Amino acid sequence: MGEWLSFAAAFGVALVLMYIPGLSILKAGRLSLPWALSAAPLISCALIFITGETFAWLRIPLNITLYIFILLCITVAARVWQLQAARSGALLTAPHAAPQPATHTFGCAPISTATLALYLGIGVVCTLIWYVVPLWQPSNLANGWDIVAHLNYAQTFIQNSTYSSLHASYYSTAAAQLNPSSAPATFYPCGWNILCALIAQIANASIPIAANALNSVFLTVCWPLSCMTFVANVFPTQPHARTCAAFVCCLSTIFPWTLLIYGPLFPFLSACCLMPSIYWIFMQLTRSAISPRERIQLGCYFVLGGITLMLLHTSALFSSIVILTPWCASRIAHTSRTITLRSKPISRLALSVIFVIAVCAVWAACYLIIVLKQGLLNFWWPSITTIHQALLQGLLFEFVSSNPWGNWFISPQPVFSVLYILGAIRAFRLKQGRSLVVAFVYLLSLGIVLIAFDTPLKSVLASFWYTDPYRIASLAIICAMPILGLGLHVAVECMCCAYTALITRVRRAFYTRTRRVGSPSSLPGSHRLTVVKAATLILILGIHATVTFPQTGTWKLTGTFDHNERSEYKIALSAPVNNLKVVCAGVHDDRFINRAKINFLQRAHAIVGNDVVLNNPYDGSVLAYGYMGMNTLWRYPKTLQEYERPGFAQLRVEAYAAADRYKVQDIIRRTHATYLLSLGEHVRTDTSLAGDYIPQTFSGITRVTAETPGFTLVLEDGDMKLFRIDESAWNTAAT
């Protein structure tokens, strides 16, 4: 119960941090509440990140009290500005003039309070079902590869009292001598880690609990509200599409639920949850009906939002270019302005083509500088399937598996396929949202290329942040949301039309047979149509939630599919059920570290305090620093032999012989190591964190026993042991 109270406190702190400062500024700018709520995290996070970077640049430690005070001052200043602006407007208004509205929407479509409540309600329900309840304990996390960086960076920020992405490291300034790697600290987008560190300190919660609370805020509030305003901006004249999109925004197998386990990709998930908000800001910014004052305001919001996305996950900026380029090209092609060259007008289509070519040229230049010249982000996944299977998976909204129904993480979503086709047809008829269809087709084609071909061109096409098909599939889902909402509305509308036609035909037949006088073509009442709409909506969502498909073939953990292997007839889970299975299995995967190991680490941490601890990172102790701040030596699940500093290789191989070898004694003294931790010799290599484990690389740690000279056993639980390094037992004449 205590952990859940801590989770609730952390959730509340996350809400306040991410919404109050930004909401105050946006309301001071007279933005209506629904749109302000959507964009508030972009502004709040930008203020948090800029403050942290400023103090880090000035080399001034930023304790949590000062951080809160600065944010509070910004919030109060924005509120005072809003009150003064409202008072000035009231004084300038003539006595008998009609009252002026307190807010305007920068040309955005009005969003009702009921719609806002609907999106929030669905976000709360879906997050509870597919994330919070499956956790069982709010400190449970998926033990994927990326979790080490997520937790370690947050812990370092707390220990350094410095919140900067420019020199991110797993080791605090005071513990820099413990770093086995000579590779310099470089830029890494640590926005999510900074938020997690702040929440953990303010709520007095552990970092895992703060991480789950932060993710819950992104899933419960940020993503639904971002999706709501995105759909409202793309289809301003289709309020029913906006309502229908609320029911599909949280039902996909890829985004957001799979990203909680795959990786887990918490920073990328957080950036994706906020990306639709910056889309509508950009779309409104480029509309011709915006006044200069509104354009300046939106421009400021867009810059702050860009800072937030860059520090949450830099690839979000490149990904946004992929989605917004068709929008810009469409705006240019339909502009009413005339541009001349030597007194000759240039056609709008030619301008649009020139713009796309310019974007491609800048894109290629960025790739040349960032990837080829700097050697950054030069990593891409190999292909996992064939072209025809990749095409089928894309059409089924499955995107990433190695055979049509063969991936453990995802399931086919044919209902989404039908809804998208209906929505795309209606979008072209309405002449709205067509640019999103173009962007989706590009992302769909890109997803097919990523999993079916092996070529370096993949990194050029995939916004050159790896070529991970899960990330591209997530972008496709985000891009598809407005069209899916419109498609669901079209499906419901078609069912109502069919119902009306059926009722009219039945009545006509009844009047003809009974020869009664009356109006055989009278339409059903509005309340009946409402019932039909609700029933249709429930039916479609029920099919999506329950229908299953036969699958053939077997998915192997190695990522290969053996076409010659005998096929087995199986039944794939429906998308929502699969989401629940993935999250439950992921957060309770105890192959790498389990509750017993965590409890032992907590007891060991109470003994060692801030003393340095030698460890084998592959036995689960790589997470000891991130989980509870234990001052372990190896905090990365690799030995980093390419950049390994002198002496550390010998220490991990020969630590057991410290009593008789002076070189080992010397490196122990240089690192100030006092304890040695072992969570057991048996390491599960079928996990992502220990997949490349070679026992010999840390044999110096695993060979220490209670009888080893120079080590004293101070804590034991089964095969988990904590030893104190006893320098008094060292041989002073060691060789």
# chains A, B, ... in the order shown; residues from 1 in each chain; ligands from 1
$ residues_around --residues "Leu304 of chain A" --least-positions-apart "3" --cutoff "7 Å" --atoms "only C-alpha atoms" --output "JSON, numbers by chain"
{"A": [42, 43, 46, 300, 301, 307, 308]}
$ write_last_selection --atoms "N, CA and C atoms" --output "mmCIF file, in the first residue's frame"
data_model
loop_
_atom_site.group_PDB
_atom_site.id
_atom_site.type_symbol
_atom_site.label_atom_id
_atom_site.label_comp_id
_atom_site.auth_asym_id
_atom_site.auth_seq_id
_atom_site.Cartn_x
_atom_site.Cartn_y
_atom_site.Cartn_z
ATOM 1 N N LEU A 42 4.323 20.803 -23.631
ATOM 2 C CA LEU A 42 5.404 21.294 -24.482
ATOM 3 C C LEU A 42 6.062 22.527 -23.869
ATOM 4 N N ILE A 43 5.247 23.421 -23.334
ATOM 5 C CA ILE A 43 5.776 24.653 -22.758
ATOM 6 C C ILE A 43 6.422 24.379 -21.404
ATOM 7 N N ALA A 46 9.739 22.543 -21.755
ATOM 8 C CA ALA A 46 10.768 23.428 -22.300
ATOM 9 C C ALA A 46 11.326 24.339 -21.213
ATOM 10 N N CYS A 300 6.436 31.310 -30.972
ATOM 11 C CA CYS A 300 7.114 31.081 -29.692
ATOM 12 C C CYS A 300 6.749 29.714 -29.123
ATOM 13 N N TYR A 301 5.458 29.367 -29.211
ATOM 14 C CA TYR A 301 5.038 28.050 -28.723
ATOM 15 C C TYR A 301 5.716 26.942 -29.507
ATOM 16 N N ILE A 307 12.080 22.551 -28.639
ATOM 17 C CA ILE A 307 13.091 22.271 -27.612
ATOM 18 C C ILE A 307 12.687 21.050 -26.792
ATOM 19 N N THR A 308 11.408 20.997 -26.439
ATOM 20 C CA THR A 308 10.928 19.850 -25.666
ATOM 21 C C THR A 308 11.114 18.547 -26.424
#
$ residues_around --residues "Arg331 of chain A" --least-positions-apart "4" --cutoff "10 Å" --atoms "only C-alpha atoms" --output "list in words"
Met283, Thr286, Arg287, Ser288, Thr325, Pro326, Trp327, Thr335, Ser336, Arg348, Ser352 and Ser435 of chain A
$ select_by_dssp --residues "segment 356-513 of chain A" --states "alpha helix (DSSP H)" --output "PyMOL selection string"
chain A and resi 356-367+387-395+414-430+434-452+457-461+469-513
$ closest_atom_pairs --of "segment 348-461 of chain A" --to "segment 234-249 of chain A" --cutoff "10 Å" --atoms "only C-alpha atoms" --output "CSV"
residue,atom,partner,partner_atom,distance
A:Phe416,CA,A:Val248,CA,8.8
A:Gly423,CA,A:Ala241,CA,9.3
A:Ala427,CA,A:Phe235,CA,8.7
A:Leu430,CA,A:Phe235,CA,9.0
A:Lys431,CA,A:Phe235,CA,9.7
A:Gln432,CA,A:Phe235,CA,6.4
A:Gly433,CA,A:Val234,CA,5.7
A:Arg434,CA,A:Val234,CA,9.4
A:Ser435,CA,A:Val234,CA,9.7
A:Leu436,CA,A:Val234,CA,8.8
$ write_last_selection --atoms "all heavy atoms" --output "compact mmCIF listing (two decimals), in the first residue's frame"
# COMPACT_ATOMS: atom_id res chain seq x y z
N PHE A 416 -8.79 -1.81 -38.12
CA PHE A 416 -8.14 -0.53 -38.41
C PHE A 416 -7.92 -0.37 -39.92
O PHE A 416 -8.03 0.74 -40.45
CB PHE A 416 -6.79 -0.45 -37.69
CG PHE A 416 -6.89 0.08 -36.29
CD1 PHE A 416 -8.10 0.15 -35.63
CD2 PHE A 416 -5.76 0.51 -35.62
CE1 PHE A 416 -8.20 0.64 -34.34
CE2 PHE A 416 -5.83 1.01 -34.33
CZ PHE A 416 -7.06 1.07 -33.68
N GLY A 423 -11.86 6.12 -44.02
CA GLY A 423 -11.48 7.48 -43.67
C GLY A 423 -10.71 8.17 -44.78
O GLY A 423 -10.90 9.37 -45.02
N ALA A 427 -11.70 11.55 -46.61
CA ALA A 427 -10.78 12.68 -46.51
C ALA A 427 -10.53 13.30 -47.88
O ALA A 427 -10.48 14.54 -48.01
CB ALA A 427 -9.46 12.22 -45.90
N LEU A 430 -13.59 15.29 -48.84
CA LEU A 430 -13.69 16.53 -48.07
C LEU A 430 -12.58 17.51 -48.41
O LEU A 430 -12.65 18.69 -48.04
CB LEU A 430 -13.64 16.23 -46.56
CG LEU A 430 -14.80 15.46 -45.96
CD1 LEU A 430 -14.49 15.09 -44.51
CD2 LEU A 430 -16.08 16.27 -46.03
N LYS A 431 -11.53 17.02 -49.07
CA LYS A 431 -10.34 17.81 -49.35
C LYS A 431 -9.69 18.29 -48.05
O LYS A 431 -9.19 19.41 -47.94
CB LYS A 431 -10.66 19.01 -50.26
CG LYS A 431 -11.16 18.60 -51.63
CD LYS A 431 -11.41 19.80 -52.52
CE LYS A 431 -11.87 19.36 -53.91
NZ LYS A 431 -12.13 20.52 -54.81
N GLN A 432 -9.72 17.41 -47.06
CA GLN A 432 -9.08 17.66 -45.78
C GLN A 432 -8.31 16.40 -45.36
O GLN A 432 -8.80 15.30 -45.55
CB GLN A 432 -10.10 18.01 -44.69
CG GLN A 432 -10.86 19.30 -44.92
CD GLN A 432 -11.92 19.52 -43.85
OE1 GLN A 432 -12.21 18.66 -43.04
NE2 GLN A 432 -12.53 20.70 -43.87
N GLY A 433 -7.14 16.58 -44.80
CA GLY A 433 -6.39 15.44 -44.30
C GLY A 433 -5.69 14.62 -45.36
O GLY A 433 -5.14 13.56 -45.05
N ARG A 434 -5.70 15.09 -46.62
CA ARG A 434 -5.07 14.29 -47.67
C ARG A 434 -3.55 14.20 -47.49
O ARG A 434 -2.94 13.19 -47.85
CB ARG A 434 -5.41 14.89 -49.04
CG ARG A 434 -6.89 14.76 -49.41
CD ARG A 434 -7.21 15.41 -50.74
NE ARG A 434 -7.06 16.86 -50.66
CZ ARG A 434 -7.33 17.69 -51.67
NH1 ARG A 434 -7.76 17.19 -52.82
NH2 ARG A 434 -7.18 18.99 -51.53
N SER A 435 -2.95 15.25 -46.95
CA SER A 435 -1.50 15.22 -46.73
C SER A 435 -1.12 14.14 -45.72
O SER A 435 -0.04 13.53 -45.82
CB SER A 435 -1.01 16.58 -46.24
OG SER A 435 -1.59 16.91 -44.99
N LEU A 436 -2.01 13.87 -44.76
CA LEU A 436 -1.73 12.81 -43.79
C LEU A 436 -1.78 11.44 -44.45
O LEU A 436 -1.05 10.53 -44.06
CB LEU A 436 -2.72 12.86 -42.64
CG LEU A 436 -2.56 14.01 -41.64
CD1 LEU A 436 -3.57 13.87 -40.51
CD2 LEU A 436 -1.15 14.02 -41.07
$ closest_residue --among "A:Cys497, A:Gly620, A:Arg703, A:Leu298" --to "Asp590 of chain A" --atoms "only C-alpha atoms"
A:Gly620
$ residues_around --residues "segment 273-282 of chain A" --least-positions-apart "4" --cutoff "10 Å" --atoms "only C-alpha atoms" --output "PyMOL selection string"
chain A and resi 35-42+106+108+218-219+221-234+255-256+267-269+286-287+295+298-299+301-306+308-309+312+316-317+319-320+323-324+327-328+475+478-479+481
$ atom_distance --atom1 "atom CA of His167 of chain A" --atom2 "atom CA of Ala185 of chain A"
4.9 Å
$ residues_around --residues "Ala390 of chain A" --least-positions-apart "2" --cutoff "9 Å" --atoms "only C-alpha atoms" --output "PyMOL selection string"
chain A and resi 385-388+392-395+399-404+447-449+451-452
